[in-house]
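Engineer: If it helps, the file is called upload-v8.txt and holds compact mmCIF, N, CA and C atoms:
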```txt
# COMPACT_ATOMS: atom_id res chain seq x y z
N MET A 47 42.39 54.83 49.04
CA MET A 47 42.44 55.44 50.32
C MET A 47 41.52 54.74 51.31
N ASN A 48 40.41 54.28 50.82
CA ASN A 48 39.46 53.58 51.66
C ASN A 48 40.08 52.27 52.16
N ASP A 49 40.85 51.60 51.28
CA ASP A 49 41.53 50.37 51.70
C ASP A 49 42.57 50.66 52.78
N GLU A 50 43.20 51.80 52.66
CA GLU A 50 44.22 52.18 53.63
C GLU A 50 43.59 52.42 55.00
N LEU A 51 42.43 53.05 55.05
CA LEU A 51 41.73 53.29 56.31
C LEU A 51 41.26 51.97 56.93
N VAL A 52 40.79 51.04 56.12
CA VAL A 52 40.35 49.74 56.63
C VAL A 52 41.53 48.99 57.20
N THR A 53 42.68 49.05 56.53
CA THR A 53 43.89 48.37 56.99
C THR A 53 44.36 48.99 58.31
N GLN A 54 44.32 50.32 58.42
CA GLN A 54 44.73 50.98 59.66
C GLN A 54 43.77 50.64 60.79
N ALA A 55 42.47 50.59 60.48
CA ALA A 55 41.48 50.26 61.50
C ALA A 55 41.67 48.82 61.96
N ALA A 56 41.94 47.92 61.02
CA ALA A 56 42.18 46.52 61.39
C ALA A 56 43.45 46.40 62.22
N GLY A 57 44.48 47.15 61.85
CA GLY A 57 45.74 47.14 62.61
C GLY A 57 45.54 47.71 64.00
N ALA A 58 44.74 48.76 64.12
CA ALA A 58 44.46 49.36 65.43
C ALA A 58 43.64 48.41 66.28
N GLU A 59 42.71 47.70 65.65
CA GLU A 59 41.89 46.73 66.38
C GLU A 59 42.74 45.58 66.89
N GLU A 60 43.65 45.08 66.05
CA GLU A 60 44.55 44.01 66.47
C GLU A 60 45.46 44.49 67.60
N LEU A 61 45.92 45.72 67.51
CA LEU A 61 46.75 46.30 68.55
C LEU A 61 45.96 46.42 69.86
N GLY A 62 44.69 46.81 69.75
CA GLY A 62 43.85 46.92 70.94
C GLY A 62 43.64 45.57 71.60
N VAL A 63 43.41 44.54 70.81
CA VAL A 63 43.24 43.19 71.34
C VAL A 63 44.54 42.74 72.02
N LEU A 64 45.67 43.04 71.38
CA LEU A 64 46.97 42.66 71.94
C LEU A 64 47.22 43.38 73.26
N VAL A 65 46.93 44.67 73.30
CA VAL A 65 47.11 45.44 74.54
C VAL A 65 46.18 44.92 75.62
N GLY A 66 44.94 44.60 75.25
CA GLY A 66 44.00 44.04 76.23
C GLY A 66 44.47 42.71 76.77
N ALA A 67 45.01 41.84 75.90
CA ALA A 67 45.50 40.54 76.35
C ALA A 67 46.69 40.69 77.28
N VAL A 68 47.61 41.59 76.92
CA VAL A 68 48.78 41.83 77.79
C VAL A 68 48.35 42.44 79.12
N GLY A 69 47.39 43.35 79.07
CA GLY A 69 46.88 43.96 80.30
C GLY A 69 46.20 42.93 81.20
N ALA A 70 45.38 42.06 80.60
CA ALA A 70 44.71 41.02 81.38
C ALA A 70 45.74 40.06 81.98
N ALA A 71 46.73 39.67 81.20
CA ALA A 71 47.78 38.77 81.70
C ALA A 71 48.54 39.44 82.85
N GLY A 72 48.83 40.71 82.71
CA GLY A 72 49.52 41.44 83.79
C GLY A 72 48.67 41.54 85.04
N PHE A 73 47.37 41.81 84.86
CA PHE A 73 46.46 41.91 86.00
C PHE A 73 46.37 40.57 86.74
N PHE A 74 46.21 39.48 85.99
CA PHE A 74 46.11 38.17 86.62
C PHE A 74 47.43 37.77 87.28
N SER A 75 48.53 38.15 86.65
CA SER A 75 49.83 37.87 87.27
C SER A 75 49.98 38.63 88.58
N LEU A 76 49.56 39.89 88.60
CA LEU A 76 49.60 40.69 89.82
C LEU A 76 48.71 40.07 90.90
N MET A 77 47.52 39.62 90.53
CA MET A 77 46.61 39.01 91.50
C MET A 77 47.20 37.71 92.07
N ILE A 78 47.85 36.93 91.21
CA ILE A 78 48.48 35.70 91.68
C ILE A 78 49.59 36.00 92.67
N VAL A 79 50.40 37.01 92.37
CA VAL A 79 51.50 37.39 93.28
C VAL A 79 50.94 37.88 94.61
N ILE A 80 49.88 38.67 94.56
CA ILE A 80 49.28 39.19 95.81
C ILE A 80 48.73 38.04 96.65
N VAL A 81 47.99 37.14 96.03
CA VAL A 81 47.43 36.00 96.77
C VAL A 81 48.56 35.14 97.34
N TRP A 82 49.60 34.92 96.54
CA TRP A 82 50.74 34.12 96.98
C TRP A 82 51.40 34.76 98.21
N GLN A 83 51.59 36.06 98.18
CA GLN A 83 52.23 36.75 99.31
C GLN A 83 51.35 36.75 100.55
N VAL A 84 50.05 36.91 100.36
CA VAL A 84 49.14 36.86 101.51
C VAL A 84 49.18 35.48 102.14
N ALA A 85 49.19 34.44 101.31
CA ALA A 85 49.25 33.08 101.83
C ALA A 85 50.58 32.83 102.55
N ALA A 86 51.67 33.33 102.00
CA ALA A 86 52.98 33.15 102.64
C ALA A 86 53.03 33.88 103.98
N THR A 87 52.47 35.07 104.04
CA THR A 87 52.43 35.83 105.29
C THR A 87 51.59 35.10 106.33
N TRP A 88 50.43 34.60 105.91
CA TRP A 88 49.55 33.87 106.82
C TRP A 88 50.25 32.62 107.35
N ARG A 89 50.93 31.90 106.46
CA ARG A 89 51.64 30.69 106.86
C ARG A 89 52.76 31.02 107.86
N ALA A 90 53.47 32.11 107.63
CA ALA A 90 54.54 32.52 108.54
C ALA A 90 53.98 32.87 109.91
N ARG A 91 52.84 33.56 109.93
CA ARG A 91 52.22 33.90 111.22
C ARG A 91 51.77 32.65 111.95
N MET A 92 51.23 31.68 111.23
CA MET A 92 50.79 30.44 111.86
C MET A 92 51.99 29.68 112.43
N LEU A 93 53.08 29.66 111.71
CA LEU A 93 54.28 28.98 112.21
C LEU A 93 54.84 29.68 113.45
N ALA A 94 54.80 31.00 113.44
CA ALA A 94 55.27 31.76 114.61
C ALA A 94 54.38 31.49 115.81
N ALA A 95 53.06 31.43 115.59
CA ALA A 95 52.14 31.15 116.69
C ALA A 95 52.37 29.74 117.22
N ARG A 96 52.59 28.80 116.33
CA ARG A 96 52.85 27.42 116.75
C ARG A 96 54.15 27.34 117.54
N GLU A 97 55.15 28.06 117.10
CA GLU A 97 56.43 28.07 117.81
C GLU A 97 56.26 28.64 119.21
N GLU A 98 55.45 29.69 119.30
CA GLU A 98 55.18 30.28 120.62
C GLU A 98 54.46 29.29 121.53
N GLN A 99 53.52 28.53 120.97
CA GLN A 99 52.83 27.52 121.76
C GLN A 99 53.79 26.44 122.23
N TYR A 100 54.71 26.03 121.36
CA TYR A 100 55.70 25.03 121.75
C TYR A 100 56.59 25.55 122.88
N LYS A 101 56.98 26.81 122.79
CA LYS A 101 57.80 27.40 123.86
C LYS A 101 57.02 27.41 125.17
N GLU A 102 55.75 27.77 125.12
CA GLU A 102 54.92 27.80 126.31
C GLU A 102 54.77 26.40 126.91
N LEU A 103 54.57 25.42 126.06
CA LEU A 103 54.47 24.04 126.54
C LEU A 103 55.78 23.57 127.16
N ALA A 104 56.89 23.94 126.55
CA ALA A 104 58.19 23.55 127.10
C ALA A 104 58.41 24.20 128.46
N THR A 105 58.00 25.44 128.60
CA THR A 105 58.13 26.13 129.89
C THR A 105 57.27 25.45 130.95
N ARG A 106 56.02 25.13 130.56
CA ARG A 106 55.14 24.44 131.51
C ARG A 106 55.69 23.08 131.89
N TYR A 107 56.23 22.36 130.91
CA TYR A 107 56.80 21.05 131.18
C TYR A 107 57.97 21.17 132.14
N ALA A 108 58.83 22.15 131.93
CA ALA A 108 59.98 22.35 132.82
C ALA A 108 59.51 22.65 134.24
N GLN A 109 58.47 23.49 134.37
CA GLN A 109 57.95 23.82 135.69
C GLN A 109 57.35 22.58 136.36
N LEU A 110 56.60 21.80 135.61
CA LEU A 110 56.02 20.57 136.16
C LEU A 110 57.11 19.59 136.56
N LEU A 111 58.17 19.52 135.78
CA LEU A 111 59.27 18.64 136.12
C LEU A 111 59.94 19.07 137.42
N GLU A 112 60.15 20.36 137.57
CA GLU A 112 60.73 20.88 138.82
C GLU A 112 59.81 20.57 140.00
N ASP A 113 58.50 20.77 139.82
CA ASP A 113 57.55 20.48 140.89
C ASP A 113 57.56 19.00 141.25
N THR A 114 57.65 18.15 140.24
CA THR A 114 57.67 16.71 140.49
C THR A 114 58.93 16.30 141.25
N VAL A 115 60.05 16.86 140.88
CA VAL A 115 61.30 16.55 141.59
C VAL A 115 61.20 17.01 143.04
N GLU A 116 60.64 18.19 143.25
CA GLU A 116 60.46 18.71 144.62
C GLU A 116 59.56 17.79 145.43
N LEU A 117 58.46 17.34 144.82
CA LEU A 117 57.55 16.42 145.52
C LEU A 117 58.23 15.09 145.83
N GLN A 118 59.05 14.61 144.93
CA GLN A 118 59.77 13.36 145.17
C GLN A 118 60.75 13.52 146.34
N HIS A 119 61.41 14.67 146.41
CA HIS A 119 62.33 14.91 147.54
C HIS A 119 61.56 14.96 148.85
N ARG A 120 60.42 15.65 148.83
CA ARG A 120 59.62 15.71 150.06
C ARG A 120 59.12 14.34 150.47
N THR A 121 58.67 13.56 149.49
CA THR A 121 58.17 12.21 149.78
C THR A 121 59.29 11.34 150.33
N ALA A 122 60.47 11.44 149.75
CA ALA A 122 61.61 10.66 150.25
C ALA A 122 61.95 11.08 151.68
N GLU A 123 61.90 12.36 151.96
CA GLU A 123 62.18 12.85 153.32
C GLU A 123 61.12 12.34 154.30
N ASP A 124 59.86 12.39 153.88
CA ASP A 124 58.79 11.89 154.74
C ASP A 124 58.94 10.39 155.00
N GLN A 125 59.31 9.64 153.99
CA GLN A 125 59.52 8.21 154.17
C GLN A 125 60.69 7.93 155.11
N ARG A 126 61.74 8.73 154.98
CA ARG A 126 62.89 8.56 155.88
C ARG A 126 62.47 8.79 157.33
N ARG A 127 61.69 9.87 157.55
CA ARG A 127 61.21 10.15 158.91
C ARG A 127 60.30 9.04 159.42
N LEU A 128 59.43 8.54 158.56
CA LEU A 128 58.54 7.45 158.97
C LEU A 128 59.33 6.19 159.32
N LEU A 129 60.37 5.90 158.55
CA LEU A 129 61.20 4.74 158.86
C LEU A 129 61.92 4.92 160.19
N GLU A 130 62.39 6.13 160.47
CA GLU A 130 63.03 6.40 161.76
C GLU A 130 62.03 6.22 162.90
N ASP A 131 60.82 6.76 162.71
CA ASP A 131 59.78 6.61 163.74
C ASP A 131 59.42 5.14 163.94
N LEU A 132 59.33 4.40 162.85
CA LEU A 132 59.01 2.99 162.95
C LEU A 132 60.12 2.22 163.67
N ALA A 133 61.35 2.57 163.39
CA ALA A 133 62.48 1.91 164.06
C ALA A 133 62.44 2.23 165.56
N GLN A 134 62.16 3.48 165.91
CA GLN A 134 62.06 3.84 167.33
C GLN A 134 60.90 3.12 167.99
N THR A 135 59.79 2.99 167.29
CA THR A 135 58.62 2.29 167.84
C THR A 135 58.96 0.82 168.06
N ARG A 136 59.66 0.21 167.10
CA ARG A 136 60.06 -1.19 167.26
C ARG A 136 60.97 -1.36 168.47
N LEU A 137 61.90 -0.42 168.64
CA LEU A 137 62.79 -0.50 169.81
C LEU A 137 61.99 -0.37 171.11
N ALA A 138 61.03 0.56 171.11
CA ALA A 138 60.22 0.75 172.32
C ALA A 138 59.37 -0.49 172.60
N VAL A 139 58.76 -1.05 171.57
CA VAL A 139 57.94 -2.25 171.76
C VAL A 139 58.82 -3.41 172.21
N GLY A 140 60.01 -3.52 171.62
CA GLY A 140 60.95 -4.58 172.04
C GLY A 140 61.34 -4.42 173.49
N ALA A 141 61.59 -3.18 173.92
CA ALA A 141 61.95 -2.92 175.31
C ALA A 141 60.79 -3.25 176.23
N MET A 142 59.57 -2.92 175.80
CA MET A 142 58.40 -3.22 176.64
C MET A 142 58.19 -4.74 176.73
N GLU A 143 58.40 -5.47 175.65
CA GLU A 143 58.26 -6.93 175.69
C GLU A 143 59.28 -7.52 176.64
N LYS A 144 60.50 -7.01 176.56
CA LYS A 144 61.56 -7.52 177.43
C LYS A 144 61.21 -7.26 178.89
N MET A 145 60.70 -6.04 179.15
CA MET A 145 60.36 -5.69 180.53
C MET A 145 59.20 -6.56 181.01
N MET A 146 58.21 -6.84 180.15
CA MET A 146 57.06 -7.66 180.56
C MET A 146 57.49 -9.11 180.80
N ARG A 147 58.47 -9.59 180.05
CA ARG A 147 58.96 -10.96 180.27
C ARG A 147 59.70 -11.04 181.60
N GLU A 148 60.42 -9.98 181.92
CA GLU A 148 61.13 -9.97 183.20
C GLU A 148 60.18 -9.94 184.38
N ILE A 149 59.04 -9.26 184.18
CA ILE A 149 58.07 -9.16 185.28
C ILE A 149 57.41 -10.50 185.52
N GLU A 150 57.17 -11.27 184.49
CA GLU A 150 56.50 -12.55 184.66
C GLU A 150 57.38 -13.52 185.31
```
Mind converting the file's structure to structure tokens?

Structural biologist:
Amino acid sequence: MNDELVTQAAGAEELGVLVGAVGAAGFFSLMIVIVWQVAATWRARMLAAREEQYKELATRYAQLLEDTVELQHRTAEDQRRLLEDLAQTRLAVGAMEKMMREIE
């Protein structure tokens, strides 16, 4: 009977070690899954933030492009007016030269 109790105690001890090993493996597996999910969530948030920054940059670029086109149109219009003024000035100076030659 004493041998039977020792065998049962040894069997219970082996069972306890086995349960402890399975429990530890389950705990570590759970921790790995939790860390993995936290990292995946963090990575997704970072990608979303980066995407938002890209959208903001694209919007700013589009606005700057529109402003640049507007400035180019204004500059072209100003140059056209200056050329017209210069042409009128040349005509006036030419007329004055002609008149001064006639006076001499």

Engineer: Go ahead and compute the interatomic distance for atom C of Val115 (chain A) and atom N of Tyr100 (chain A), in Å to one decimal.

Structural biologist: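 About the pair atom C of Val115 (chain A) and atom N of Tyr100 (chain A): they are 24.4 Å apart.
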
Engineer: Emit as lines of an AutoDock Vina configuration file the padded axis-aligned box for all listed atoms of region 91-99 of chain A, 4 Å per side, with centre and edge lengths in Å to one decimal.

Structural biologist:
```
center_x = 53.6
center_y = 30.2
center_z = 116.1
size_x = 13.6
size_y = 15.5
size_z = 20.3
```

Engineer: Between atom N of Ile78 (chain A) and CA of Glu97 (chain A), what is the distance, to one decimal in Å?

Structural biologist: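 That distance, rounded to one decimal, is 29.3 Å.
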
Engineer: Could you tell me how far atom N of Asp131 (chain A) sits from atom N of Thr114 (chain A), in Å to one decimal place?

Structural biologist: 25.4 Å

Engineer: Can you rebuild region 60-84 of chain A with N, CA, C and O atoms and give it as a compact mmCIF listing (two decimals), in the frame of the given file?

Structural biologist:
```txt
# COMPACT_ATOMS: atom_id res chain seq x y z
N GLU A 60 43.65 45.08 66.05
CA GLU A 60 44.55 44.01 66.47
C GLU A 60 45.46 44.49 67.60
O GLU A 60 45.74 43.76 68.55
N LEU A 61 45.92 45.72 67.51
CA LEU A 61 46.75 46.30 68.55
C LEU A 61 45.96 46.42 69.86
O LEU A 61 46.48 46.12 70.93
N GLY A 62 44.69 46.81 69.75
CA GLY A 62 43.85 46.92 70.94
C GLY A 62 43.64 45.57 71.60
O GLY A 62 43.66 45.44 72.82
N VAL A 63 43.41 44.54 70.81
CA VAL A 63 43.24 43.19 71.34
C VAL A 63 44.54 42.74 72.02
O VAL A 63 44.52 42.15 73.10
N LEU A 64 45.67 43.04 71.38
CA LEU A 64 46.97 42.66 71.94
C LEU A 64 47.22 43.38 73.26
O LEU A 64 47.64 42.78 74.25
N VAL A 65 46.93 44.67 73.30
CA VAL A 65 47.11 45.44 74.54
C VAL A 65 46.18 44.92 75.62
O VAL A 65 46.57 44.79 76.78
N GLY A 66 44.94 44.60 75.25
CA GLY A 66 44.00 44.04 76.23
C GLY A 66 44.47 42.71 76.77
O GLY A 66 44.36 42.43 77.97
N ALA A 67 45.01 41.84 75.90
CA ALA A 67 45.50 40.54 76.35
C ALA A 67 46.69 40.69 77.28
O ALA A 67 46.79 40.03 78.31
N VAL A 68 47.61 41.59 76.92
CA VAL A 68 48.78 41.83 77.79
C VAL A 68 48.35 42.44 79.12
O VAL A 68 48.84 42.06 80.19
N GLY A 69 47.39 43.35 79.07
CA GLY A 69 46.88 43.96 80.30
C GLY A 69 46.20 42.93 81.20
O GLY A 69 46.40 42.91 82.42
N ALA A 70 45.38 42.06 80.60
CA ALA A 70 44.71 41.02 81.38
C ALA A 70 45.74 40.06 81.98
O ALA A 70 45.63 39.67 83.16
N ALA A 71 46.73 39.67 81.20
CA ALA A 71 47.78 38.77 81.70
C ALA A 71 48.54 39.44 82.85
O ALA A 71 48.83 38.81 83.87
N GLY A 72 48.83 40.71 82.71
CA GLY A 72 49.52 41.44 83.79
C GLY A 72 48.67 41.54 85.04
O GLY A 72 49.16 41.35 86.15
N PHE A 73 47.37 41.81 84.86
CA PHE A 73 46.46 41.91 86.00
C PHE A 73 46.37 40.57 86.74
O PHE A 73 46.47 40.53 87.97
N PHE A 74 46.21 39.48 85.99
CA PHE A 74 46.11 38.17 86.62
C PHE A 74 47.43 37.77 87.28
O PHE A 74 47.43 37.16 88.34
N SER A 75 48.53 38.15 86.65
CA SER A 75 49.83 37.87 87.27
C SER A 75 49.98 38.63 88.58
O SER A 75 50.45 38.09 89.58
N LEU A 76 49.56 39.89 88.60
CA LEU A 76 49.60 40.69 89.82
C LEU A 76 48.71 40.07 90.90
O LEU A 76 49.11 39.99 92.07
N MET A 77 47.52 39.62 90.53
CA MET A 77 46.61 39.01 91.50
C MET A 77 47.20 37.71 92.07
O MET A 77 47.10 37.45 93.27
N ILE A 78 47.85 36.93 91.21
CA ILE A 78 48.48 35.70 91.68
C ILE A 78 49.59 36.00 92.67
O ILE A 78 49.70 35.36 93.72
N VAL A 79 50.40 37.01 92.37
CA VAL A 79 51.50 37.39 93.28
C VAL A 79 50.94 37.88 94.61
O VAL A 79 51.44 37.52 95.68
N ILE A 80 49.88 38.67 94.56
CA ILE A 80 49.28 39.19 95.81
C ILE A 80 48.73 38.04 96.65
O ILE A 80 48.98 37.96 97.86
N VAL A 81 47.99 37.14 96.03
CA VAL A 81 47.43 36.00 96.77
C VAL A 81 48.56 35.14 97.34
O VAL A 81 48.49 34.69 98.49
N TRP A 82 49.60 34.92 96.54
CA TRP A 82 50.74 34.12 96.98
C TRP A 82 51.40 34.76 98.21
O TRP A 82 51.72 34.08 99.18
N GLN A 83 51.59 36.06 98.18
CA GLN A 83 52.23 36.75 99.31
C GLN A 83 51.35 36.75 100.55
O GLN A 83 51.85 36.59 101.66
N VAL A 84 50.05 36.91 100.36
CA VAL A 84 49.14 36.86 101.51
C VAL A 84 49.18 35.48 102.14
O VAL A 84 49.23 35.34 103.37
```
